[in-house]
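Below is one structure, written out as structure tokens; comments come after it.
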Amino acid sequence: MNKWMDISQKLVNDMVVWPGDTPFSYKVSWSMEESGSVNVGEIKMSAHTGTHIDAPYHFDNEGKRVIDLDINLYIGQAKVIHLPVKNSIGVQDLQAYDLSGVKRLLIYTGAWTNRTVFPETIPHIEEGVGAYLAKQGVQLIGLDLPSVDPVDSKELAAHHELTSHGLHILEGLVLDHIDTGDYELAALPLALAEADGSPVRAVLRKI
Ligand SMILES: N[C@@H](CC(=O)c1ccccc1NC=O)C(=O)O
Ligand SMILES: [Zn+2]
Ligand SMILES: [Zn+2]
């Protein structure tokens, strides 16, 4: 049996987050000495820290919250493809791959190598990709980037287009050590009732 491999960013104090967003912090808020029995930790973070999923409510006030998302999409067979050194990812790039029967697609871009700084530019998902992937049966798209849109985008066109075609978004993966191929994925969001996103522990196992 192949081993599970971690494809998650480590959550550590002062890690890189979206510019202006809540910094990640973990601290022991009630120590062993204070409580007499246990250390109790407190975590403060944005829902879009590190490796995480987006709920449609992130970019649509009427959109689904994390708890409304189908957990079945975040566990199961996934294909990893490599699309390095691109300014953007379009239908043409994806046409090079046989995606028939692929429900979960993870894309390695390698564009965010130095994770100690937030990237100035990233490859974004082009218009038309949502429709194309949905036609192939893809329901989850994951990338090694902090967003599927350009970092300065306010319209979030790719987020909207992917969602309108039933695609679920997984961001901030670490895929540097992952070859192209077919895997089992598990990247479950927390059972957050109201949230617009959720951190996940994303793992892959070669089939
Ligand atoms: N769309 C990005 C996050 C994002 O856009 C963002 C996250 C935190 C604070 C501000 C953000 N965007 C502001 O324009 C994401 O899905 O993670
Ligand atoms: Zn996000
Ligand atoms: Zn996003």
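Residues are referred to by chain and number: the chain letter is A, B, ... according to the order shown in the structure tokens, the number counts from 1 in that chain, and ligands are numbered separately from 1 in the order shown.
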Kindly assemble as JSON lines a list of the chain A residues that lie within 8 Å of ligand 1, each paired with its nearest atom pair and their distance in Å to one decimal, using only C-alpha atoms and all ligand atoms, sorted first by chain and then by ascending residue number.
```
{"residue": "A:Val17", "atom": "CA", "partner": "ligand 1", "partner_atom_place_in_ligand_line": "8 (C)", "distance": 7.7}
{"residue": "A:Trp18", "atom": "CA", "partner": "ligand 1", "partner_atom_place_in_ligand_line": "8 (C)", "distance": 5.1}
{"residue": "A:Pro19", "atom": "CA", "partner": "ligand 1", "partner_atom_place_in_ligand_line": "9 (C)", "distance": 6.7}
{"residue": "A:Gly20", "atom": "CA", "partner": "ligand 1", "partner_atom_place_in_ligand_line": "9 (C)", "distance": 6.2}
{"residue": "A:Asp21", "atom": "CA", "partner": "ligand 1", "partner_atom_place_in_ligand_line": "9 (C)", "distance": 4.6}
{"residue": "A:Thr22", "atom": "CA", "partner": "ligand 1", "partner_atom_place_in_ligand_line": "8 (C)", "distance": 7.8}
{"residue": "A:Ser46", "atom": "CA", "partner": "ligand 1", "partner_atom_place_in_ligand_line": "8 (C)", "distance": 7.2}
{"residue": "A:His48", "atom": "CA", "partner": "ligand 1", "partner_atom_place_in_ligand_line": "17 (O)", "distance": 4.7}
{"residue": "A:Thr49", "atom": "CA", "partner": "ligand 1", "partner_atom_place_in_ligand_line": "17 (O)", "distance": 7.4}
{"residue": "A:His52", "atom": "CA", "partner": "ligand 1", "partner_atom_place_in_ligand_line": "17 (O)", "distance": 7.6}
{"residue": "A:Ile53", "atom": "CA", "partner": "ligand 1", "partner_atom_place_in_ligand_line": "16 (O)", "distance": 7.7}
{"residue": "A:Asp54", "atom": "CA", "partner": "ligand 1", "partner_atom_place_in_ligand_line": "16 (O)", "distance": 5.7}
{"residue": "A:His58", "atom": "CA", "partner": "ligand 1", "partner_atom_place_in_ligand_line": "16 (O)", "distance": 7.2}
{"residue": "A:Phe59", "atom": "CA", "partner": "ligand 1", "partner_atom_place_in_ligand_line": "1 (N)", "distance": 7.8}
{"residue": "A:Pro146", "atom": "CA", "partner": "ligand 1", "partner_atom_place_in_ligand_line": "17 (O)", "distance": 5.6}
{"residue": "A:Ser147", "atom": "CA", "partner": "ligand 1", "partner_atom_place_in_ligand_line": "15 (C)", "distance": 4.9}
{"residue": "A:Val148", "atom": "CA", "partner": "ligand 1", "partner_atom_place_in_ligand_line": "16 (O)", "distance": 7.2}
{"residue": "A:Asp149", "atom": "CA", "partner": "ligand 1", "partner_atom_place_in_ligand_line": "1 (N)", "distance": 7.1}
{"residue": "A:Val151", "atom": "CA", "partner": "ligand 1", "partner_atom_place_in_ligand_line": "5 (O)", "distance": 7.1}
{"residue": "A:Asp152", "atom": "CA", "partner": "ligand 1", "partner_atom_place_in_ligand_line": "14 (O)", "distance": 6.9}
{"residue": "A:Ser153", "atom": "CA", "partner": "ligand 1", "partner_atom_place_in_ligand_line": "14 (O)", "distance": 6.9}
{"residue": "A:Lys154", "atom": "CA", "partner": "ligand 1", "partner_atom_place_in_ligand_line": "14 (O)", "distance": 5.7}
{"residue": "A:Leu156", "atom": "CA", "partner": "ligand 1", "partner_atom_place_in_ligand_line": "1 (N)", "distance": 7.1}
{"residue": "A:His159", "atom": "CA", "partner": "ligand 1", "partner_atom_place_in_ligand_line": "1 (N)", "distance": 7.7}
{"residue": "A:Glu171", "atom": "CA", "partner": "ligand 1", "partner_atom_place_in_ligand_line": "17 (O)", "distance": 6.8}
{"residue": "A:Gly197", "atom": "CA", "partner": "ligand 1", "partner_atom_place_in_ligand_line": "16 (O)", "distance": 7.9}
```
Can you list, as a list in words, every protein, DNA or RNA residue that comes within 10 Å of Ala195 in chain A when you count only C-alpha atoms, leaving out same-chain residues fewer than 6 positions away?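 Once the adjacent positions are removed, what remains is Ala47, Asp54, Ala55, Pro56, Tyr57, His58, Lys64, Arg65, Val66, Ile67 and Asp68 of chain A.
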Just N, CA and C atoms for this one: save the residues we selected as a short mmCIF file (atom, residue, chain, number, x, y, z; two decimals), in the first residue's frame.
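Printed below is result_3.cif as written:
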```
data_model
loop_
_atom_site.label_atom_id
_atom_site.label_comp_id
_atom_site.auth_asym_id
_atom_site.auth_seq_id
_atom_site.Cartn_x
_atom_site.Cartn_y
_atom_site.Cartn_z
N ALA A 47 -9.77 32.42 7.05
CA ALA A 47 -10.23 31.16 6.45
C ALA A 47 -9.45 30.83 5.18
N ASP A 54 -12.19 27.25 -0.94
CA ASP A 54 -13.09 28.40 -0.98
C ASP A 54 -14.53 27.90 -1.00
N ALA A 55 -15.38 28.52 -0.21
CA ALA A 55 -16.83 28.31 -0.39
C ALA A 55 -17.32 29.47 -1.26
N PRO A 56 -18.37 29.27 -2.05
CA PRO A 56 -18.86 30.34 -2.91
C PRO A 56 -19.22 31.64 -2.16
N TYR A 57 -19.54 31.54 -0.88
CA TYR A 57 -19.84 32.74 -0.09
C TYR A 57 -18.65 33.69 -0.04
N HIS A 58 -17.44 33.19 -0.30
CA HIS A 58 -16.24 34.03 -0.32
C HIS A 58 -16.37 35.18 -1.33
N LYS A 64 -22.98 29.36 -1.34
CA LYS A 64 -22.92 28.31 -0.31
C LYS A 64 -21.82 28.60 0.71
N ARG A 65 -22.09 28.21 1.95
CA ARG A 65 -21.09 28.28 3.02
C ARG A 65 -20.36 26.93 3.07
N VAL A 66 -19.30 26.87 3.85
CA VAL A 66 -18.48 25.65 3.90
C VAL A 66 -19.33 24.42 4.25
N ILE A 67 -20.21 24.58 5.21
CA ILE A 67 -21.00 23.42 5.68
C ILE A 67 -21.93 22.87 4.58
N ASP A 68 -22.26 23.71 3.61
CA ASP A 68 -23.17 23.31 2.52
C ASP A 68 -22.46 22.52 1.41
#
```
Between A:Asn39, A:Lys103, A:Leu69, A:Glu33, which is the closest to Glu194 in chain A once you count only C-alpha atoms? A:Leu69
Could you tell me, as number ranges by chain, which residues of range 73-195 of chain A DSSP assigns to strand (DSSP E) when given the backbone? A: 75-82, 88-89, 104-108, 124-125, 140-143, 168-171, 181-186
For range 85-94 of chain A, please output as a list in words all residues within 9 Å (counting only C-alpha atoms; exclusion window: fewer than 3 positions along the same chain).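 Non-adjacent residues within range: Tyr97, Asp98, Leu99, Thr109, Gly110, Ala111, Thr121, Ile122, Pro123, His124, Ile125, Glu126, Glu127, Gly128, Val129, Gly130, Tyr132 and Leu133 of chain A.
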For Asp196 in chain A, which of A:Asn61, A:Gln136, A:Asn72, A:Thr163 is the closest residue, counting only C-alpha atoms? A:Asn61
Nearest to ligand 2: which of A:Thr113, A:Gln9, A:Thr51, A:Ser37 is it, counting only C-alpha atoms and all ligand atoms?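 Closest to ligand 2, using only C-alpha atoms and all ligand atoms: A:Thr51.
Closest approach to Gly166 in chain A among A:Val203, A:Ala96, A:Leu73, A:Leu83: A:Leu73, based on only C-alpha atoms.
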List the neighbours of Pro23 in chain A out to 10 Å using only C-alpha atoms; skip same-chain residues closer than 6 positions along the sequence, and give me the result as a PyMOL selection string. chain A and resi 12-17+44-46+49
Please provide the set of residues having any atom within 9 Å of Gly76 in chain A, restricted to only C-alpha atoms, with same-chain residues fewer than 2 positions apart removed, written as a ChimeraX atom specification. /A:72-74,78,103-104,183-186
Within 8 Å of Gly142 in chain A, counting only C-alpha atoms, which residues qualify if same-chain residues fewer than 4 places away don't, as a PyMOL selection string? chain A and resi 104-107+169-171+173
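These are the residues of range 45-148 of chain A assigned alpha helix (DSSP H) by DSSP from backbone coordinates: Val91, Gln92, Asp93, Leu94, Val129, Gly130, Ala131, Tyr132, Leu133, Ala134, Lys135 and Gln136 of chain A.
Going from CA of His177 in chain A over to CA of Gly101 in chain A, you cover 24.5 Å.
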For Lys27 in chain A, work out the shell of residues within 8 Å, counting only C-alpha atoms and skipping chain neighbours fewer than 5 positions away, then give it as a ChimeraX atom specification. /A:41-43
Please write the residues from the selection above to a file, keeping N, CA and C atoms, as a JSON list (two decimals), in the first residue's frame.
```json
[["chain", "number", "residue", "atom", "x", "y", "z"],
["A", 41, "GLY", "N", -4.66, 25.61, 23.55],
["A", 41, "GLY", "CA", -4.20, 26.53, 22.52],
["A", 41, "GLY", "C", -5.32, 27.33, 21.91],
["A", 42, "GLU", "N", -4.93, 28.49, 21.39],
["A", 42, "GLU", "CA", -5.89, 29.36, 20.70],
["A", 42, "GLU", "C", -5.32, 29.63, 19.31],
["A", 43, "ILE", "N", -6.18, 29.50, 18.30],
["A", 43, "ILE", "CA", -5.74, 29.72, 16.93],
["A", 43, "ILE", "C", -6.50, 30.91, 16.37]]
```
Could you tell me how far CA of Met5 in chain A sits from CA of Thr180 in chain A, in Å to one decimal place?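 Calculated distance between CA of Thr180 in chain A and CA of Met5 in chain A is 13.9 Å.
For the pair CA of Val174 in chain A and CA of Asp70 in chain A, the separation is 23.2 Å.
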Of the candidates A:Lys10, A:His160, A:His168, A:Lys79, which shows the shortest atom-to-atom distance to Arg205 in chain A, using only C-alpha atoms?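 Distance minimum relative to Arg205 in chain A lands on A:Lys79.
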Nearest candidate to Gly137 in chain A (options A:Ala191, A:Ile71, A:Ile178, A:Leu167; using only C-alpha atoms): A:Leu167
